[in-house]
$ cat target02.csv   # CSV, C-alpha atoms and all ligand atoms
chain,number,residue,atom,x,y,z
A,208,MET,CA,-31.7,-66.4,28.4
A,209,VAL,CA,-35.1,-66.3,26.6
A,210,THR,CA,-36.5,-64.1,23.8
A,211,ALA,CA,-39.1,-61.5,24.5
A,212,TYR,CA,-41.0,-59.1,22.3
A,213,ASP,CA,-43.5,-57.2,24.4
A,214,PHE,CA,-44.1,-55.6,27.8
A,215,THR,CA,-46.5,-58.1,29.4
A,216,MET,CA,-44.4,-61.2,28.4
A,217,ALA,CA,-41.1,-59.5,29.4
A,218,ARG,CA,-42.6,-58.8,32.9
A,219,LEU,CA,-43.6,-62.5,33.2
A,220,LEU,CA,-40.3,-63.8,31.9
A,221,ASP,CA,-38.4,-61.5,34.2
A,222,GLU,CA,-40.5,-62.6,37.2
A,223,GLY,CA,-39.8,-66.2,36.2
A,224,GLY,CA,-36.1,-65.7,36.7
A,225,ALA,CA,-34.8,-65.3,33.1
A,226,ASP,CA,-31.5,-63.4,33.5
A,227,ILE,CA,-31.2,-62.2,29.9
A,228,LEU,CA,-34.1,-61.2,27.6
A,229,LEU,CA,-33.3,-61.2,23.9
A,230,VAL,CA,-35.4,-59.1,21.5
A,231,GLY,CA,-34.4,-61.6,18.7
A,232,ASP,CA,-35.0,-61.1,15.1
A,233,SER,CA,-37.0,-64.3,15.4
A,234,LEU,CA,-39.8,-61.9,15.9
A,235,GLY,CA,-40.0,-61.8,12.1
A,236,MET,CA,-41.3,-65.4,12.3
A,237,VAL,CA,-43.1,-65.8,15.6
A,238,VAL,CA,-44.6,-62.2,15.9
A,239,GLN,CA,-44.9,-61.1,12.2
A,240,GLY,CA,-45.5,-64.5,10.6
A,241,HIS,CA,-42.7,-64.4,8.0
A,242,PRO,CA,-41.0,-67.7,7.0
A,243,THR,CA,-37.6,-66.3,7.8
A,244,THR,CA,-36.0,-63.5,9.9
A,245,LEU,CA,-34.8,-61.5,6.9
A,246,PRO,CA,-37.5,-58.8,6.6
A,247,VAL,CA,-37.0,-57.5,10.2
A,248,THR,CA,-35.8,-53.9,10.4
A,249,VAL,CA,-33.7,-51.9,13.0
A,250,GLU,CA,-36.9,-49.8,13.7
A,251,GLU,CA,-38.9,-52.9,14.5
A,252,ILE,CA,-36.3,-54.3,16.9
A,253,CYS,CA,-36.2,-50.9,18.6
A,254,TYR,CA,-40.0,-50.7,18.9
A,255,HIS,CA,-40.1,-54.1,20.6
A,256,GLY,CA,-37.0,-53.2,22.7
A,257,ARG,CA,-38.7,-50.2,24.2
A,258,ALA,CA,-41.7,-52.4,25.2
A,259,VAL,CA,-39.5,-55.1,26.7
A,260,MET,CA,-37.3,-52.7,28.6
A,261,ARG,CA,-40.4,-51.4,30.4
A,262,GLY,CA,-41.2,-54.9,31.6
A,263,ALA,CA,-37.7,-56.0,32.5
A,264,HIS,CA,-36.9,-55.0,36.1
A,265,ARG,CA,-34.0,-57.3,36.7
A,266,ALA,CA,-33.0,-59.1,33.5
A,267,HIS,CA,-30.4,-57.7,31.1
A,268,VAL,CA,-32.0,-56.8,27.7
A,269,VAL,CA,-30.2,-57.6,24.4
A,270,GLY,CA,-31.2,-56.4,21.0
A,271,ASP,CA,-30.6,-58.5,17.8
A,272,MET,CA,-29.0,-56.6,14.9
A,273,PRO,CA,-31.2,-57.6,11.9
A,274,PHE,CA,-30.2,-58.8,8.5
A,275,MET,CA,-28.3,-56.1,6.5
A,276,SER,CA,-28.0,-53.8,9.5
A,277,PHE,CA,-24.3,-54.6,10.1
A,278,GLN,CA,-23.0,-56.8,7.3
A,279,VAL,CA,-22.2,-54.0,4.9
A,280,SER,CA,-19.3,-52.5,6.8
A,281,PRO,CA,-18.0,-51.9,10.4
A,282,THR,CA,-19.1,-48.3,10.1
A,283,GLN,CA,-22.7,-49.3,9.3
A,284,ALA,CA,-22.5,-51.8,12.2
A,285,VAL,CA,-21.5,-49.1,14.7
A,286,GLU,CA,-24.2,-46.8,13.5
A,287,ASN,CA,-27.0,-49.3,13.8
A,288,ALA,CA,-25.7,-50.7,17.1
A,289,GLY,CA,-25.9,-47.1,18.3
A,290,LYS,CA,-29.5,-46.8,17.1
A,291,LEU,CA,-30.4,-50.0,19.0
A,292,MET,CA,-28.9,-48.5,22.2
A,293,LYS,CA,-30.5,-45.1,21.7
A,294,ASP,CA,-33.9,-45.8,20.2
A,295,GLY,CA,-34.4,-49.4,21.5
A,296,CYS,CA,-33.1,-48.7,25.0
A,297,PHE,CA,-31.0,-51.9,24.8
A,298,GLU,CA,-28.2,-52.7,27.2
A,299,SER,CA,-26.2,-54.7,24.6
A,300,VAL,CA,-26.5,-55.9,21.0
A,301,LYS,CA,-26.2,-59.4,19.4
A,302,LEU,CA,-25.1,-60.1,15.8
A,303,GLU,CA,-24.7,-63.2,13.7
A,304,GLY,CA,-21.4,-64.5,12.2
A,305,GLY,CA,-17.9,-65.6,13.0
A,306,GLU,CA,-14.5,-64.4,11.6
A,307,GLU,CA,-16.1,-62.3,8.9
A,308,VAL,CA,-17.8,-60.0,11.4
A,309,ALA,CA,-14.9,-59.8,14.0
A,310,GLU,CA,-13.9,-56.3,12.8
A,311,HIS,CA,-17.5,-55.1,13.0
A,312,VAL,CA,-17.6,-56.4,16.6
A,313,ARG,CA,-14.4,-54.8,17.5
A,314,ARG,CA,-15.6,-51.4,16.3
A,315,ILE,CA,-18.9,-51.6,18.1
A,316,VAL,CA,-17.2,-52.7,21.3
A,317,ASN,CA,-14.7,-49.7,20.9
A,318,ALA,CA,-17.8,-47.4,20.8
A,319,GLY,CA,-18.7,-48.6,24.3
A,320,ILE,CA,-21.4,-51.0,23.3
A,321,PRO,CA,-21.3,-54.6,24.7
A,322,VAL,CA,-21.7,-57.3,22.0
A,323,MET,CA,-23.0,-60.9,22.1
A,324,GLY,CA,-21.8,-63.1,19.2
A,325,HIS,CA,-23.8,-65.9,17.5
A,326,VAL,CA,-22.2,-68.8,15.5
A,327,GLY,CA,-23.4,-72.1,14.2
A,328,LEU,CA,-26.8,-71.9,12.5
A,329,THR,CA,-27.1,-68.2,11.8
A,330,PRO,CA,-30.7,-67.8,10.6
A,331,GLN,CA,-30.0,-64.6,8.6
A,332,SER,CA,-27.9,-66.9,6.3
A,333,VAL,CA,-30.7,-69.4,5.9
A,334,HIS,CA,-30.6,-69.3,2.1
A,335,ALA,CA,-26.8,-69.6,1.9
A,336,MET,CA,-27.0,-72.6,4.3
A,337,GLY,CA,-29.7,-74.3,2.2
A,338,GLY,CA,-32.3,-74.2,5.1
A,339,PHE,CA,-32.4,-74.3,8.9
A,340,LYS,CA,-29.8,-77.1,9.1
A,341,VAL,CA,-27.4,-78.3,11.8
A,342,GLN,CA,-23.9,-76.7,11.3
A,343,GLY,CA,-20.4,-77.6,12.2
A,344,LYS,CA,-20.5,-81.2,11.0
A,345,GLY,CA,-17.2,-82.8,9.9
A,346,ASP,CA,-14.6,-80.3,8.5
A,347,ASP,CA,-17.0,-77.4,9.1
A,348,ALA,CA,-16.4,-77.7,12.9
A,349,GLU,CA,-13.1,-75.8,12.6
A,350,ARG,CA,-15.0,-72.8,11.1
A,351,ILE,CA,-17.2,-72.7,14.1
A,352,VAL,CA,-14.3,-72.9,16.6
A,353,ASN,CA,-12.3,-70.3,14.8
A,354,GLY,CA,-15.4,-68.0,14.5
A,355,ALA,CA,-16.0,-68.2,18.3
A,356,ARG,CA,-12.3,-67.5,19.0
A,357,ALA,CA,-12.3,-64.5,16.7
A,358,LEU,CA,-15.5,-63.1,18.4
A,359,GLU,CA,-13.9,-63.5,21.8
A,360,GLU,CA,-10.7,-61.8,20.6
A,361,ALA,CA,-12.8,-58.9,19.1
A,362,GLY,CA,-14.4,-58.3,22.5
A,363,CYS,CA,-17.8,-60.3,22.6
A,364,TYR,CA,-18.9,-60.8,26.2
A,365,ALA,CA,-20.9,-64.0,25.4
A,366,ILE,CA,-21.5,-66.2,22.3
A,367,VAL,CA,-24.7,-68.0,21.2
A,368,LEU,CA,-24.0,-71.4,19.7
A,369,GLU,CA,-27.0,-72.5,17.6
A,370,ALA,CA,-27.7,-75.9,16.2
A,371,ILE,CA,-24.3,-77.6,16.3
A,372,PRO,CA,-23.4,-81.1,17.6
A,373,PRO,CA,-23.1,-81.2,21.4
A,374,ASP,CA,-19.4,-82.3,21.4
A,375,LEU,CA,-18.5,-79.4,19.2
A,376,ALA,CA,-20.4,-77.0,21.5
A,377,GLU,CA,-18.4,-78.5,24.4
A,378,GLU,CA,-15.1,-77.9,22.4
A,379,VAL,CA,-16.1,-74.3,21.7
A,380,THR,CA,-17.0,-73.7,25.3
A,381,ALA,CA,-13.6,-75.0,26.4
A,382,SER,CA,-11.9,-72.9,23.7
A,383,VAL,CA,-13.2,-69.5,24.8
A,384,SER,CA,-13.2,-67.8,28.2
A,385,VAL,CA,-16.5,-65.9,27.7
A,386,PRO,CA,-19.8,-67.7,28.4
A,387,THR,CA,-21.4,-69.7,25.6
A,388,ILE,CA,-25.2,-69.8,25.4
A,389,GLY,CA,-26.6,-72.8,23.5
A,390,ILE,CA,-29.8,-73.4,21.5
A,391,GLY,CA,-29.8,-76.9,19.9
A,392,ALA,CA,-26.2,-77.2,21.0
A,393,GLY,CA,-26.5,-79.7,23.9
A,394,PRO,CA,-26.0,-79.4,27.6
A,395,ARG,CA,-22.4,-78.4,27.9
A,396,CYS,CA,-22.8,-74.8,27.1
A,397,ASP,CA,-22.5,-72.3,29.9
A,398,GLY,CA,-26.1,-71.1,29.4
A,399,GLN,CA,-29.2,-71.9,27.3
A,400,VAL,CA,-31.6,-69.8,25.2
A,401,LEU,CA,-35.1,-70.6,23.8
A,402,VAL,CA,-37.6,-68.6,21.9
A,403,CYS,CA,-40.3,-67.8,24.5
A,404,TYR,CA,-43.2,-69.0,22.2
A,405,ASP,CA,-41.4,-72.3,21.7
A,406,LEU,CA,-40.8,-72.7,25.5
A,407,LEU,CA,-44.5,-72.0,26.2
A,408,GLY,CA,-45.9,-74.1,23.3
A,409,MET,CA,-47.4,-71.1,21.5
A,410,TYR,CA,-45.6,-71.3,18.1
A,411,ARG,CA,-46.8,-74.5,16.5
A,412,ASP,CA,-45.6,-74.0,12.9
A,413,LEU,CA,-42.1,-75.3,13.4
A,414,LYS,CA,-41.1,-77.8,16.1
A,415,PRO,CA,-37.3,-77.9,16.2
A,416,LYS,CA,-35.9,-81.0,18.1
A,417,PHE,CA,-34.3,-78.8,20.7
A,418,ALA,CA,-37.3,-76.6,21.5
A,419,LYS,CA,-38.7,-78.3,24.6
A,420,ARG,CA,-42.2,-77.1,25.4
A,421,PHE,CA,-42.3,-76.4,29.1
A,422,ALA,CA,-46.0,-75.6,28.9
A,423,GLU,CA,-48.9,-75.9,26.4
A,424,VAL,CA,-50.0,-72.3,26.6
A,425,GLY,CA,-51.2,-72.4,23.0
A,426,ASP,CA,-53.8,-75.0,23.9
A,427,GLN,CA,-54.8,-73.1,26.9
A,428,ILE,CA,-55.4,-69.9,24.9
A,429,VAL,CA,-57.5,-71.8,22.3
A,430,GLY,CA,-59.5,-73.4,25.1
A,431,ALA,CA,-60.0,-70.1,27.0
A,432,VAL,CA,-61.2,-68.3,23.8
A,433,ARG,CA,-63.6,-71.1,23.0
A,434,SER,CA,-65.1,-70.8,26.5
A,435,TYR,CA,-65.4,-67.1,26.1
A,436,VAL,CA,-67.1,-67.3,22.7
A,437,GLY,CA,-69.5,-70.0,24.1
A,438,GLU,CA,-70.5,-68.0,27.1
A,439,VAL,CA,-71.0,-64.8,25.1
A,440,GLN,CA,-73.2,-66.7,22.6
A,441,ALA,CA,-75.1,-68.3,25.5
A,442,ARG,CA,-75.4,-64.9,27.2
A,443,SER,CA,-74.0,-66.4,30.5
A,444,PHE,CA,-71.1,-63.8,30.2
A,445,PRO,CA,-71.1,-61.1,31.5
A,446,ALA,CA,-72.8,-62.3,34.7
A,447,THR,CA,-73.9,-59.9,37.5
A,448,GLU,CA,-70.4,-60.1,39.1
A,449,HIS,CA,-68.9,-58.8,35.9
A,450,SER,CA,-71.3,-55.8,35.6
A,451,PHE,CA,-71.3,-52.5,37.4
A,452,LYS,CA,-74.2,-51.6,39.8
A,453,PRO,CA,-77.2,-50.3,38.0
A,454,ASN,CA,-77.5,-46.5,38.5
A,455,ASN,CA,-81.3,-46.2,39.0
A,456,ALA,CA,-81.1,-42.3,39.3
A,457,THR,CA,-80.1,-42.0,35.7
A,458,THR,CA,-82.3,-44.8,34.3
A,459,VAL,CA,-84.2,-43.4,31.3
A,460,GLN,CA,-87.8,-42.9,32.3
A,461,ARG,CA,-90.1,-43.8,29.4
A,462,SER,CA,-93.2,-41.7,29.1
A,463,ALA,CA,-95.2,-44.4,27.3
A,464,PRO,CA,-94.6,-48.0,26.7
A,465,ILE,CA,-93.1,-48.9,23.3
A,466,ALA,CA,-95.8,-50.3,21.0
A,467,PRO,CA,-95.1,-53.8,19.9
A,468,LEU,CA,-94.1,-54.2,16.2
A,469,PRO,CA,-96.8,-55.8,14.0
A,470,VAL,CA,-95.8,-59.3,13.3
A,471,VAL,CA,-98.1,-59.9,10.4
A,472,ILE,CA,-98.7,-57.3,7.7
A,473,ASP,CA,-102.3,-57.3,6.4
A,474,PRO,CA,-102.0,-57.5,2.5
A,475,ALA,CA,-104.9,-55.1,2.3
A,476,GLU,CA,-102.8,-52.4,4.0
A,477,ILE,CA,-99.9,-52.6,1.4
A,478,PRO,CA,-100.1,-49.6,-0.9
A,479,PRO,CA,-100.8,-50.6,-4.5
A,480,HIS,CA,-97.5,-49.1,-5.8
A,481,TRP,CA,-95.6,-51.6,-3.5
A,482,GLN,CA,-97.4,-54.6,-5.0
A,483,THR,CA,-95.5,-56.3,-7.8
A,484,HIS,CA,-98.3,-58.7,-8.8
B,1,LIG,O1,-33.5,-64.3,17.1
B,1,LIG,C1,-33.4,-65.1,18.0
B,1,LIG,O2,-34.4,-65.4,18.7
B,1,LIG,C2,-32.1,-65.7,18.3
B,1,LIG,C3,-32.1,-66.8,19.3
B,1,LIG,C4,-32.7,-68.0,18.8
B,1,LIG,C5,-30.7,-67.0,19.8
B,1,LIG,O3,-31.2,-65.3,17.7
$ encode --input "target02.csv" --output "C-alpha cells"
Amino acid sequence: MVTAYDFTMARLLDEGGADILLVGDSLGMVVQGHPTTLPVTVEEICYHGRAVMRGAHRAHVVGDMPFMSFQVSPTQAVENAGKLMKDGCFESVKLEGGEEVAEHVRRIVNAGIPVMGHVGLTPQSVHAMGGFKVQGKGDDAERIVNGARALEEAGCYAIVLEAIPPDLAEEVTASVSVPTIGIGAGPRCDGQVLVCYDLLGMYRDLKPKFAKRFAEVGDQIVGAVRSYVGEVQARSFPATEHSFKPNNATTVQRSAPIAPLPVVIDPAEIPPHWQTH
C-alpha cells in the first residue's frame, strides 16, 4: 500500500504495482504544508479521491476519514463514511483508533462500507500523544493488541500498525486474522505502507527512521528545474525541435522597415518645460 493524492501519481503508483492506494490525511502535511493532519476536511479527501480514482486502474483505493469526521458519534461516522464513498468515489474507508472506535466501525460496516483500521501512532491524536512518538512500549502494548482485536471483531478488513515496536507488531499480526499493514512496525506485518513522497524522496521536512527513500526524485526535480531555468535564460530552449514550423503564408508583411530608436537624445531637442535646471 502507498499513499496517493493526484491523478498522475496514482497512475504511476498503480503501474508500479501498488495494490492499495490510500488517500491519506497525510495530505495535510505533504500536499498542503501543515505541521499536522488535523486541518484536513472530508471535502478535501473527496477532491483528491476523485483524482486518484481516475488514475487507479488496478489498485484498490481507500479514503482516510479526517480528524473530527467520525469521533463525535457512530452516526456521524456512518454519514461521513458515506460521503467519502459517494463524493470521493472510494472503495473503502480508513479510520484511526482502537477500542474507542469499534462501535463506529461496526456501524459503518453494517452500512455496507468496508473499513480499514489504524492503531499505534495515530497522527490525529498527535497532541494527546505529546508528538509523533513510538507507541505500545511497556504496559501500553496491551492497549494496542486489544484495539486491534476490537477492530477485527467490529468488522475491519485490514489494520494499519503505525510506529510500534516490531515484536509487538508481530504479536498483533498473530492475534488477528485480518491482514496487518505496517509503517514503522517492522517486517513481520502482512503488508507495508509508505507515504509516496517519503518513498520517492520528495518530502524532506521530516525524515522518519522507517521512511526508506527508494529514489531521490526531489533532487531530480530541483536539478531539472535548474536546467530549464538556465536554458531559458541562455535562450537555448526552446530549440528548433521544440517549435512549430513557421507558417510563411501568414507572416506579417511590413510595408516599411521600422526606424531604429534614437540612442542619444540631443539636449537641444528637449523642450524647455521638460528641463529642470
Ligand atoms: O494518512 C496517511 O498517510 C496514513 C498512512 C501513513 C497509514 O494514515
$ residues_near_ligand --input "target02.csv" --ligand "ligand LIG 1 (chain B)" --cutoff "6 Å" --atoms "all atoms listed in the file" --output "number ranges by chain"
A: 210, 231-233, 402
$ atom_distance --input "target02.csv" --atom1 "CA of Gln342 in chain A" --atom2 "CA of Pro321 in chain A"
26.0 Å
$ residues_near_point --input "target02.csv" --point "(-24.7, -68.7, 13.4)" --cutoff "9 Å" --atoms "all atoms listed in the file" --output "PyMOL selection string"
chain A and resi 302-305+324-332+342+351+367-370
$ residues_near_point --input "target02.csv" --point "(-31.4, -55.7, 30.9)" --cutoff "8 Å" --atoms "only C-alpha atoms" --output "number ranges by chain"
A: 227-228, 260, 263-269, 297-298
$ write_last_selection --input "target02.csv" --atoms "C-alpha atoms" --output "PDB file, in the coordinates of the input"
ATOM      1  CA  ILE A 227     -31.200 -62.200  29.900  1.00  0.00           C
ATOM      2  CA  LEU A 228     -34.100 -61.200  27.600  1.00  0.00           C
ATOM      3  CA  MET A 260     -37.300 -52.700  28.600  1.00  0.00           C
ATOM      4  CA  ALA A 263     -37.700 -56.000  32.500  1.00  0.00           C
ATOM      5  CA  HIS A 264     -36.900 -55.000  36.100  1.00  0.00           C
ATOM      6  CA  ARG A 265     -34.000 -57.300  36.700  1.00  0.00           C
ATOM      7  CA  ALA A 266     -33.000 -59.100  33.500  1.00  0.00           C
ATOM      8  CA  HIS A 267     -30.400 -57.700  31.100  1.00  0.00           C
ATOM      9  CA  VAL A 268     -32.000 -56.800  27.700  1.00  0.00           C
ATOM     10  CA  VAL A 269     -30.200 -57.600  24.400  1.00  0.00           C
ATOM     11  CA  PHE A 297     -31.000 -51.900  24.800  1.00  0.00           C
ATOM     12  CA  GLU A 298     -28.200 -52.700  27.200  1.00  0.00           C
TER      13      GLU A 298
END
$ residues_around --input "target02.csv" --residues "Asp426 in chain A" --least-positions-apart "2" --cutoff "12 Å" --atoms "all atoms listed in the file" --output "compact mmCIF listing (two decimals) with C-alpha atoms, in the frame of the given file"
# COMPACT_ATOMS: atom_id res chain seq x y z
CA LEU A 407 -44.50 -72.00 26.20
CA GLY A 408 -45.90 -74.10 23.30
CA MET A 409 -47.40 -71.10 21.50
CA TYR A 410 -45.60 -71.30 18.10
CA ARG A 411 -46.80 -74.50 16.50
CA ARG A 420 -42.20 -77.10 25.40
CA ALA A 422 -46.00 -75.60 28.90
CA GLU A 423 -48.90 -75.90 26.40
CA VAL A 424 -50.00 -72.30 26.60
CA ILE A 428 -55.40 -69.90 24.90
CA VAL A 429 -57.50 -71.80 22.30
CA GLY A 430 -59.50 -73.40 25.10
CA ALA A 431 -60.00 -70.10 27.00
CA VAL A 432 -61.20 -68.30 23.80
CA ARG A 433 -63.60 -71.10 23.00
$ closest_residue --input "target02.csv" --among "A:Glu307, A:Asp412, A:Lys301, A:Val385" --to "Gly354 in chain A" --atoms "only C-alpha atoms"
A:Glu307
$ residues_around --input "target02.csv" --residues "Val333 in chain A" --least-positions-apart "6" --cutoff "10 Å" --atoms "all atoms listed in the file" --output "ChimeraX atom specification"
/A:243-245,339-340
$ closest_residue --input "target02.csv" --among "A:Gly262, A:Glu251, A:Val312, A:Leu401" --to "Gln278 in chain A" --atoms "all atoms listed in the file"
A:Val312
$ atom_distance --input "target02.csv" --atom1 "CA of Lys293 in chain A" --atom2 "CA of Gly389 in chain A"
28.0 Å
$ build_atoms --input "target02.csv" --residues "range 400-414 of chain A" --atoms "N, CA and C atoms" --output "PDB file, in the frame of the given file"
ATOM      1  N   VAL A 400     -30.594 -70.774  25.669  1.00  0.00           N
ATOM      2  CA  VAL A 400     -31.600 -69.800  25.200  1.00  0.00           C
ATOM      3  C   VAL A 400     -32.695 -70.523  24.466  1.00  0.00           C
ATOM      4  N   LEU A 401     -33.930 -70.072  24.641  1.00  0.00           N
ATOM      5  CA  LEU A 401     -35.100 -70.600  23.800  1.00  0.00           C
ATOM      6  C   LEU A 401     -35.927 -69.393  23.418  1.00  0.00           C
ATOM      7  N   VAL A 402     -36.600 -69.564  22.321  1.00  0.00           N
ATOM      8  CA  VAL A 402     -37.600 -68.600  21.900  1.00  0.00           C
ATOM      9  C   VAL A 402     -38.807 -68.762  22.838  1.00  0.00           C
ATOM     10  N   CYS A 403     -39.291 -67.679  23.417  1.00  0.00           N
ATOM     11  CA  CYS A 403     -40.300 -67.800  24.500  1.00  0.00           C
ATOM     12  C   CYS A 403     -41.563 -68.525  23.975  1.00  0.00           C
ATOM     13  N   TYR A 404     -41.956 -68.308  22.723  1.00  0.00           N
ATOM     14  CA  TYR A 404     -43.200 -69.000  22.200  1.00  0.00           C
ATOM     15  C   TYR A 404     -42.968 -70.468  22.035  1.00  0.00           C
ATOM     16  N   ASP A 405     -41.718 -70.898  21.789  1.00  0.00           N
ATOM     17  CA  ASP A 405     -41.400 -72.300  21.700  1.00  0.00           C
ATOM     18  C   ASP A 405     -41.498 -72.927  23.124  1.00  0.00           C
ATOM     19  N   LEU A 406     -40.833 -72.265  24.052  1.00  0.00           N
ATOM     20  CA  LEU A 406     -40.800 -72.700  25.500  1.00  0.00           C
ATOM     21  C   LEU A 406     -42.212 -72.884  26.024  1.00  0.00           C
ATOM     22  N   LEU A 407     -43.103 -71.963  25.606  1.00  0.00           N
ATOM     23  CA  LEU A 407     -44.500 -72.000  26.200  1.00  0.00           C
ATOM     24  C   LEU A 407     -45.453 -72.764  25.327  1.00  0.00           C
ATOM     25  N   GLY A 408     -44.997 -73.299  24.189  1.00  0.00           N
ATOM     26  CA  GLY A 408     -45.900 -74.100  23.300  1.00  0.00           C
ATOM     27  C   GLY A 408     -46.922 -73.222  22.608  1.00  0.00           C
ATOM     28  N   MET A 409     -46.486 -72.017  22.185  1.00  0.00           N
ATOM     29  CA  MET A 409     -47.400 -71.100  21.500  1.00  0.00           C
ATOM     30  C   MET A 409     -47.169 -71.008  20.006  1.00  0.00           C
ATOM     31  N   TYR A 410     -45.955 -71.363  19.548  1.00  0.00           N
ATOM     32  CA  TYR A 410     -45.600 -71.300  18.100  1.00  0.00           C
ATOM     33  C   TYR A 410     -45.607 -72.706  17.610  1.00  0.00           C
ATOM     34  N   ARG A 411     -46.645 -73.087  16.841  1.00  0.00           N
ATOM     35  CA  ARG A 411     -46.800 -74.500  16.500  1.00  0.00           C
ATOM     36  C   ARG A 411     -46.439 -74.799  15.054  1.00  0.00           C
ATOM     37  N   ASP A 412     -45.930 -73.780  14.299  1.00  0.00           N
ATOM     38  CA  ASP A 412     -45.600 -74.000  12.900  1.00  0.00           C
ATOM     39  C   ASP A 412     -44.379 -74.858  12.699  1.00  0.00           C
ATOM     40  N   LEU A 413     -43.340 -74.559  13.486  1.00  0.00           N
ATOM     41  CA  LEU A 413     -42.100 -75.300  13.400  1.00  0.00           C
ATOM     42  C   LEU A 413     -41.885 -75.966  14.788  1.00  0.00           C
ATOM     43  N   LYS A 414     -41.366 -77.180  14.798  1.00  0.00           N
ATOM     44  CA  LYS A 414     -41.100 -77.800  16.100  1.00  0.00           C
ATOM     45  C   LYS A 414     -39.667 -78.353  16.049  1.00  0.00           C
TER      46      LYS A 414
END
